[in-house]
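Novice: Enclosed is the structure file model.txt (compact mmCIF, C-alpha atoms).
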```
# COMPACT_ATOMS: atom_id res chain seq x y z
CA MET A 622 -0.78 -6.95 65.92
CA LEU A 623 2.33 -5.06 64.82
CA ASN A 624 3.28 -1.69 66.23
CA ASP A 625 6.32 0.57 66.44
CA THR A 626 7.72 -1.49 69.33
CA ASN A 627 7.35 -5.05 68.09
CA ARG A 628 7.79 -4.54 64.31
CA PRO A 629 11.58 -4.05 64.62
CA VAL A 630 11.73 -7.19 66.78
CA LEU A 631 9.77 -9.20 64.22
CA ASP A 632 11.96 -7.85 61.39
CA ALA A 633 15.07 -8.91 63.34
CA ILE A 634 13.59 -12.39 63.86
CA LEU A 635 12.76 -12.67 60.16
CA ASP A 636 16.29 -11.58 59.25
CA GLU A 637 17.57 -14.49 61.32
CA LEU A 638 15.22 -16.96 59.65
CA ILE A 639 16.31 -15.77 56.19
CA PRO A 640 19.39 -13.60 56.62
CA PRO A 641 20.71 -11.21 54.01
CA SER A 642 23.53 -12.36 51.76
CA GLU A 643 27.01 -11.58 53.05
CA ASP A 644 27.62 -9.17 50.18
CA GLY A 645 24.37 -7.32 50.95
CA LYS A 646 22.94 -7.82 47.47
CA ILE A 647 20.08 -10.06 48.66
CA PRO A 648 18.04 -8.67 51.55
CA GLY A 649 16.95 -10.72 54.52
CA ALA A 650 13.29 -11.46 55.15
CA GLY A 651 12.91 -8.68 57.70
CA ALA A 652 14.49 -6.01 55.52
CA LEU A 653 12.40 -7.18 52.59
CA GLY A 654 9.19 -6.56 54.54
CA VAL A 655 7.93 -10.13 54.89
CA ALA A 656 6.21 -9.04 58.11
CA ASP A 657 3.59 -7.37 55.91
CA PHE A 658 2.78 -10.77 54.36
CA LEU A 659 2.18 -12.56 57.67
CA PRO A 660 -1.21 -11.04 58.59
CA THR A 661 -2.53 -11.89 55.11
CA ALA A 662 -1.61 -15.58 55.35
CA GLN A 663 -4.89 -16.97 56.74
CA ALA A 664 -5.15 -19.27 53.72
CA TYR A 665 -1.87 -20.96 54.73
CA ALA A 666 -2.19 -21.13 58.52
CA SER A 667 -5.17 -21.27 60.84
CA ASP A 668 -3.97 -18.39 63.04
CA PRO A 669 -0.92 -16.64 61.61
CA ASP A 670 -1.42 -13.61 63.88
CA GLY A 671 -1.53 -15.85 66.95
CA SER A 672 1.64 -17.68 65.94
CA VAL A 673 3.50 -14.43 65.33
CA GLN A 674 2.24 -12.99 68.60
CA THR A 675 3.33 -16.12 70.52
CA ILE A 676 6.85 -15.73 69.16
CA LEU A 677 6.93 -11.98 69.83
CA ASN A 678 5.74 -12.57 73.41
CA ALA A 679 8.58 -15.05 73.92
CA VAL A 680 11.27 -12.65 72.68
CA SER A 681 12.24 -9.50 74.57
CA SER A 682 12.42 -6.10 72.91
CA ASP A 683 16.23 -6.06 73.31
CA PHE A 684 16.44 -8.91 70.76
CA VAL A 685 17.26 -6.38 68.03
CA ALA A 686 20.47 -5.29 69.80
CA LEU A 687 21.77 -8.80 70.54
CA PRO A 688 24.78 -10.19 68.69
CA ARG A 689 23.90 -12.76 66.02
CA ASP A 690 24.96 -15.82 68.05
CA GLU A 691 22.76 -14.74 70.96
CA LYS A 692 19.82 -14.13 68.61
CA VAL A 693 20.20 -17.67 67.29
CA ALA A 694 20.34 -19.05 70.84
CA VAL A 695 17.19 -17.14 71.80
CA LEU A 696 15.36 -18.41 68.73
CA LYS A 697 16.40 -22.00 69.46
CA ARG A 698 14.91 -21.68 72.96
CA VAL A 699 11.73 -20.13 71.55
CA GLU A 700 11.47 -22.93 68.99
CA ALA A 701 11.82 -25.55 71.74
CA ALA A 702 9.17 -23.87 73.89
CA HIS A 703 6.71 -22.92 71.13
CA GLY A 704 7.34 -25.45 68.38
CA GLN A 705 4.05 -25.20 66.51
CA ALA A 706 3.99 -21.39 66.45
CA PHE A 707 7.65 -21.28 65.45
CA GLU A 708 7.12 -23.81 62.66
CA THR A 709 4.21 -21.73 61.37
CA LEU A 710 6.31 -18.56 61.44
CA VAL A 711 9.18 -20.25 59.57
CA ARG A 712 6.86 -21.69 56.91
CA LEU A 713 5.06 -18.39 56.37
CA THR A 714 8.36 -16.51 56.29
CA TYR A 715 9.61 -18.73 53.47
CA MET A 716 6.31 -18.39 51.62
CA GLY A 717 6.28 -14.61 51.95
CA TYR A 718 9.93 -14.28 50.98
CA TYR A 719 10.17 -16.58 47.98
CA SER A 720 6.79 -15.62 46.55
CA ARG A 721 7.96 -12.08 45.92
CA PRO A 722 8.73 -11.43 42.26
CA ASP A 723 11.54 -9.03 43.20
CA ILE A 724 13.48 -11.71 45.13
CA ARG A 725 13.18 -14.70 42.78
CA PRO A 726 15.64 -13.41 40.13
CA HIS A 727 18.39 -13.41 42.79
CA PHE A 728 18.08 -17.20 42.80
CA GLY A 729 17.92 -17.75 39.07
CA VAL A 730 14.14 -18.05 38.93
CA GLY A 731 12.09 -15.73 36.75
CA SER A 732 10.02 -13.00 38.32
CA HIS A 733 7.01 -13.98 36.20
CA PRO A 734 4.29 -16.19 37.67
CA ILE A 735 4.87 -19.93 37.51
CA HIS A 736 1.80 -20.43 35.32
CA PRO A 737 0.97 -20.24 32.49
CA LYS A 738 4.51 -19.63 31.28
CA GLY A 739 6.33 -21.89 33.70
CA TYR A 740 10.08 -22.15 34.14
CA PRO A 741 12.45 -23.72 31.65
CA VAL A 742 13.44 -27.18 32.84
CA GLU A 743 16.11 -29.07 30.96
CA ARG A 744 15.17 -32.58 29.89
CA GLU A 745 17.04 -35.39 31.58
CA THR A 746 19.41 -37.28 29.32
CA ASP A 747 18.48 -40.79 28.24
CA ALA A 748 21.48 -42.09 30.18
CA LEU A 749 20.32 -40.40 33.39
CA MET A 750 16.75 -41.69 32.93
CA ASN A 751 18.09 -45.21 32.41
CA GLU A 752 20.18 -44.91 35.56
CA LEU A 753 17.27 -43.56 37.62
CA THR A 754 14.79 -46.19 36.44
CA ALA A 755 17.16 -49.21 36.39
CA PRO A 756 16.30 -50.33 39.98
CA VAL A 757 12.58 -50.26 39.18
CA ARG A 758 13.02 -52.19 35.95
CA ALA A 759 15.32 -54.72 37.67
CA ARG A 760 12.70 -55.37 40.35
CA GLY A 761 10.35 -56.70 37.71
CA LYS A 762 6.61 -56.91 37.78
CA ALA A 763 5.16 -55.81 41.14
CA TYR A 764 1.45 -55.81 40.33
CA ARG A 765 -1.33 -58.20 39.37
CA ASP A 766 -2.83 -58.23 35.91
CA ALA A 767 -6.44 -57.10 35.78
CA LYS A 768 -8.86 -59.98 35.25
```
I'd like the structure from this file rewritten - as structure tokens, please.

Specialist:
Amino acid sequence: MLNDTNRPVLDAILDELIPPSEDGKIPGAGALGVADFLPTAQAYASDPDGSVQTILNAVSSDFVALPRDEKVAVLKRVEAAHGQAFETLVRLTYMGYYSRPDIRPHFGVGSHPIHPKGYPVERETDALMNELTAPVRARGKAYRDAK
């Protein structure tokens, strides 16, 4: 699927889907190597290779050299023409990017697996819980008693 010609194009596309931070401290999806995740994503999409290939076929090899605004315009046209493949690529890009333990700490999430340790979640205050549940309590009973 990927070769020396289309890998830089795919990396440039991925860097548009999840761009690097302006200060350069957080890499974009292409620079991070998310393209390596895509072929392994059969559990998350029926044909990830086909979706990626559809997008690559719709983008010319000069995509890498385009200014950012033109890259965005090209990707908007590709999304309009190949919606399902584009949606699959976006979803898999996010999965491949945010599942990496080396990227999660940049966003305040631990690099350890979610389970069994989990992430610390602060408990809502009683006042907030009362506010959130007040409309439900005000509505009253909305069910029948069991007979």

Novice: Which is closer to A:Arg698 than all the others in A:Met716, A:Val680, A:Ile724, A:Leu631, using only C-alpha atoms?

Specialist: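 Between A:Met716, A:Val680, A:Ile724, A:Leu631, the residue approaching A:Arg698 most closely is A:Val680.
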
Novice: Just how far from atom CA of A:Gly729 is atom CA of A:Pro641, in Å to one decimal?

Specialist: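 Here the two named atoms are 16.5 Å from each other.
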
Novice: Using Å and a single decimal, report how far atom CA of A:Thr675 sits from atom CA of A:Glu700.

Specialist: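 That distance, rounded to one decimal, is 10.7 Å.
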
Novice: Using all atoms listed in the file, which of the listed residues (A:Thr754, A:Thr746, A:Thr714, A:Ser682) sits closest to A:Val655?

Specialist: A:Thr714

Novice: Would you compute an axis-aligned box for stretch 743-760 of chain A, covering every atom listed for it in the file with 3 Å of margin on each side, and report centre and edge lengths in Å to one decimal as JSON?

Specialist:
```
{"center_x": 17.0, "center_y": -42.2, "center_z": 34.3, "size_x": 14.9, "size_y": 32.3, "size_z": 18.1}
```

Novice: To one decimal in Å, tell me the separation between atom CA of A:Asp657 and atom CA of A:Val730.

Specialist: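 Atom CA of A:Val730 lies at a distance of 22.7 Å from atom CA of A:Asp657.
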
Novice: Of the residues A:His727, A:Asp747, A:Pro669, A:Ala767, which is the one nearest to A:Ser642, using only C-alpha atoms?

Specialist: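 Residue with the minimum atom-to-atom distance to A:Ser642: A:His727.
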
Novice: Counting all atoms listed in the file, write as a ChimeraX atom specification all protein and nucleic acid residues lying at most 12 Å from (19.4, -8.5, 67.1) in the file's frame.

Specialist: /A:629-637,640,651,680-696

Novice: Would you write out those residues with C-alpha atoms, as a PDB file, in the coordinates of the input?

Specialist:
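Here's the written file selection_26.pdb:
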```pdb
ATOM      1  CA  PRO A 629      11.580  -4.050  64.620  1.00  0.00           C
ATOM      2  CA  VAL A 630      11.730  -7.190  66.780  1.00  0.00           C
ATOM      3  CA  LEU A 631       9.770  -9.200  64.220  1.00  0.00           C
ATOM      4  CA  ASP A 632      11.960  -7.850  61.390  1.00  0.00           C
ATOM      5  CA  ALA A 633      15.070  -8.910  63.340  1.00  0.00           C
ATOM      6  CA  ILE A 634      13.590 -12.390  63.860  1.00  0.00           C
ATOM      7  CA  LEU A 635      12.760 -12.670  60.160  1.00  0.00           C
ATOM      8  CA  ASP A 636      16.290 -11.580  59.250  1.00  0.00           C
ATOM      9  CA  GLU A 637      17.570 -14.490  61.320  1.00  0.00           C
ATOM     10  CA  PRO A 640      19.390 -13.600  56.620  1.00  0.00           C
ATOM     11  CA  GLY A 651      12.910  -8.680  57.700  1.00  0.00           C
ATOM     12  CA  VAL A 680      11.270 -12.650  72.680  1.00  0.00           C
ATOM     13  CA  SER A 681      12.240  -9.500  74.570  1.00  0.00           C
ATOM     14  CA  SER A 682      12.420  -6.100  72.910  1.00  0.00           C
ATOM     15  CA  ASP A 683      16.230  -6.060  73.310  1.00  0.00           C
ATOM     16  CA  PHE A 684      16.440  -8.910  70.760  1.00  0.00           C
ATOM     17  CA  VAL A 685      17.260  -6.380  68.030  1.00  0.00           C
ATOM     18  CA  ALA A 686      20.470  -5.290  69.800  1.00  0.00           C
ATOM     19  CA  LEU A 687      21.770  -8.800  70.540  1.00  0.00           C
ATOM     20  CA  PRO A 688      24.780 -10.190  68.690  1.00  0.00           C
ATOM     21  CA  ARG A 689      23.900 -12.760  66.020  1.00  0.00           C
ATOM     22  CA  ASP A 690      24.960 -15.820  68.050  1.00  0.00           C
ATOM     23  CA  GLU A 691      22.760 -14.740  70.960  1.00  0.00           C
ATOM     24  CA  LYS A 692      19.820 -14.130  68.610  1.00  0.00           C
ATOM     25  CA  VAL A 693      20.200 -17.670  67.290  1.00  0.00           C
ATOM     26  CA  ALA A 694      20.340 -19.050  70.840  1.00  0.00           C
ATOM     27  CA  VAL A 695      17.190 -17.140  71.800  1.00  0.00           C
ATOM     28  CA  LEU A 696      15.360 -18.410  68.730  1.00  0.00           C
TER      29      LEU A 696
END
```

Novice: Using only C-alpha atoms, which of A:Lys762, A:Glu743, A:Pro726, A:Leu749 sits nearest A:Lys646?

Specialist: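 Closest candidate: A:Pro726.
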
Novice: Skipping near chain neighbours, those fewer than 5 positions away, what residues fall within 10 Å of A:Gly671 using all atoms listed in the file, listed as a PyMOL selection string?

Specialist: chain A and resi 622+660+666+676-677+706+709-710

Novice: Using all atoms listed in the file, which of A:Leu653, A:Ala763, A:Val673, A:Leu753 sits nearest A:Val711?

Specialist: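 When distances to A:Val711 are compared using all atoms listed in the file, the smallest one comes from A:Val673.
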